[in-house]
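Structure first, commentary second.
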Amino acid sequence: MNTKILPGRFHANIKKYRSKDGQYCFTFDFVSCGAYIDIYCTDHPSLNGRDSNPHKTHLYRSGKVCFIEGKEPKTQSQAERLAAQWAEYYLEYRKTGKAQS
């Protein structure tokens, strides 16, 4: 495992997600930020040459998963559900090159 430790944070809420097809694993770090939870993907499959632009991957260079302001998850269960949805989106983008907005 190649977990990136983010500066100034404890990492007690790290969870793994296996893709629906069972082929790929993701590691997520859920960080409470008061009213919402930030999601960091600290380990994921490569993009196989696809553009890593956050506008396409919805993943910042820091590993933070991008959400529209005001749409951030507010509970741990919502954060885990959104992380799983993002992981499946990421794999679809990796496969097809088609980005969603």
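Ordered as shown in the structure tokens, chains take letters A, B, and onward, while each chain numbers its residues from 1 and ligands are numbered from 1 in the order shown.
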
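Every protein or nucleic acid residue with an atom no more than 8 Å from A:Leu47, counting only C-alpha atoms and leaving out same-chain residues fewer than 4 positions away, appears here: Asp51, Ser52 and Arg94 of chain A.
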
**Item:** All strand (DSSP E or B) positions in stretch 4-94 of chain A, as a PyMOL selection string
**Value:** chain A and resi 14-18+25-32+37-43+59+64-65

Written selection (N, CA and C atoms) as a short mmCIF file (atom, residue, chain, number, x, y, z; two decimals), in the first residue's frame:
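Output file result_23.cif follows:
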```cif
data_model
loop_
_atom_site.label_atom_id
_atom_site.label_comp_id
_atom_site.auth_asym_id
_atom_site.auth_seq_id
_atom_site.Cartn_x
_atom_site.Cartn_y
_atom_site.Cartn_z
N ILE A 14 -9.57 5.67 7.66
CA ILE A 14 -9.18 5.22 6.34
C ILE A 14 -9.94 3.95 6.01
N LYS A 15 -10.54 3.92 4.83
CA LYS A 15 -11.31 2.75 4.41
C LYS A 15 -10.95 2.36 3.00
N LYS A 16 -11.08 1.07 2.73
CA LYS A 16 -10.82 0.52 1.39
C LYS A 16 -12.14 0.29 0.68
N TYR A 17 -12.11 0.43 -0.65
CA TYR A 17 -13.27 0.14 -1.49
C TYR A 17 -12.81 -0.74 -2.65
N ARG A 18 -13.51 -1.84 -2.88
CA ARG A 18 -13.24 -2.69 -4.04
C ARG A 18 -14.32 -2.41 -5.07
N CYS A 25 -8.94 -1.73 -6.37
CA CYS A 25 -9.09 -1.26 -5.00
C CYS A 25 -8.74 0.23 -4.90
N PHE A 26 -9.45 0.89 -4.05
CA PHE A 26 -9.24 2.31 -3.74
C PHE A 26 -9.10 2.42 -2.24
N THR A 27 -8.31 3.41 -1.79
CA THR A 27 -8.19 3.72 -0.37
C THR A 27 -8.66 5.15 -0.18
N PHE A 28 -9.56 5.34 0.77
CA PHE A 28 -10.12 6.66 1.05
C PHE A 28 -9.84 7.06 2.48
N ASP A 29 -9.57 8.35 2.66
CA ASP A 29 -9.38 8.95 3.96
C ASP A 29 -10.50 9.97 4.13
N PHE A 30 -11.32 9.80 5.17
CA PHE A 30 -12.45 10.69 5.42
C PHE A 30 -12.08 11.63 6.55
N VAL A 31 -12.11 12.93 6.27
CA VAL A 31 -11.65 13.94 7.22
C VAL A 31 -12.79 14.89 7.55
N SER A 32 -13.21 14.89 8.81
CA SER A 32 -14.28 15.77 9.25
C SER A 32 -13.80 17.22 9.23
N ILE A 37 -17.69 16.51 5.40
CA ILE A 37 -16.57 15.57 5.43
C ILE A 37 -15.82 15.66 4.10
N ASP A 38 -14.52 15.91 4.18
CA ASP A 38 -13.67 15.86 2.98
C ASP A 38 -13.30 14.41 2.72
N ILE A 39 -13.25 14.06 1.44
CA ILE A 39 -12.86 12.71 1.04
C ILE A 39 -11.55 12.81 0.26
N TYR A 40 -10.55 12.08 0.70
CA TYR A 40 -9.28 12.00 0.00
C TYR A 40 -9.10 10.58 -0.51
N CYS A 41 -8.78 10.45 -1.78
CA CYS A 41 -8.45 9.13 -2.33
C CYS A 41 -6.93 9.04 -2.32
N THR A 42 -6.42 8.19 -1.44
CA THR A 42 -4.97 8.12 -1.25
C THR A 42 -4.32 7.00 -2.06
N ASP A 43 -5.15 6.12 -2.63
CA ASP A 43 -4.61 5.06 -3.49
C ASP A 43 -5.70 4.64 -4.47
N LEU A 59 -10.70 14.81 -9.17
CA LEU A 59 -9.71 14.48 -8.15
C LEU A 59 -8.58 15.50 -8.23
N LYS A 64 -7.76 15.01 -2.86
CA LYS A 64 -9.12 15.37 -2.43
C LYS A 64 -10.09 15.18 -3.59
N VAL A 65 -11.22 14.52 -3.30
CA VAL A 65 -12.26 14.34 -4.29
C VAL A 65 -13.09 15.62 -4.34
#
```

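Comparing A:Asn48, A:Lys74, A:Ala35, A:Thr57 by their smallest distance to A:Ala87, the closest is A:Thr57 (using only C-alpha atoms).
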
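Among the candidates A:Cys66, A:Tyr24, A:Glu92, A:Ser19, the one nearest to A:Pro45 when counting only C-alpha atoms is A:Tyr24.
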
**Request:** May I have all residues of stretch 12-69 of chain A that DSSP, computed from the backbone, assigns to helix (DSSP H, G or I), given as a list in words?
**Result:** Pro54, His55, Lys56 and Thr57 of chain A

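Distance check against A:Lys71 using only C-alpha atoms: of A:Tyr90, A:Ala99, A:His44, A:Tyr36, the minimum falls on A:Tyr36.
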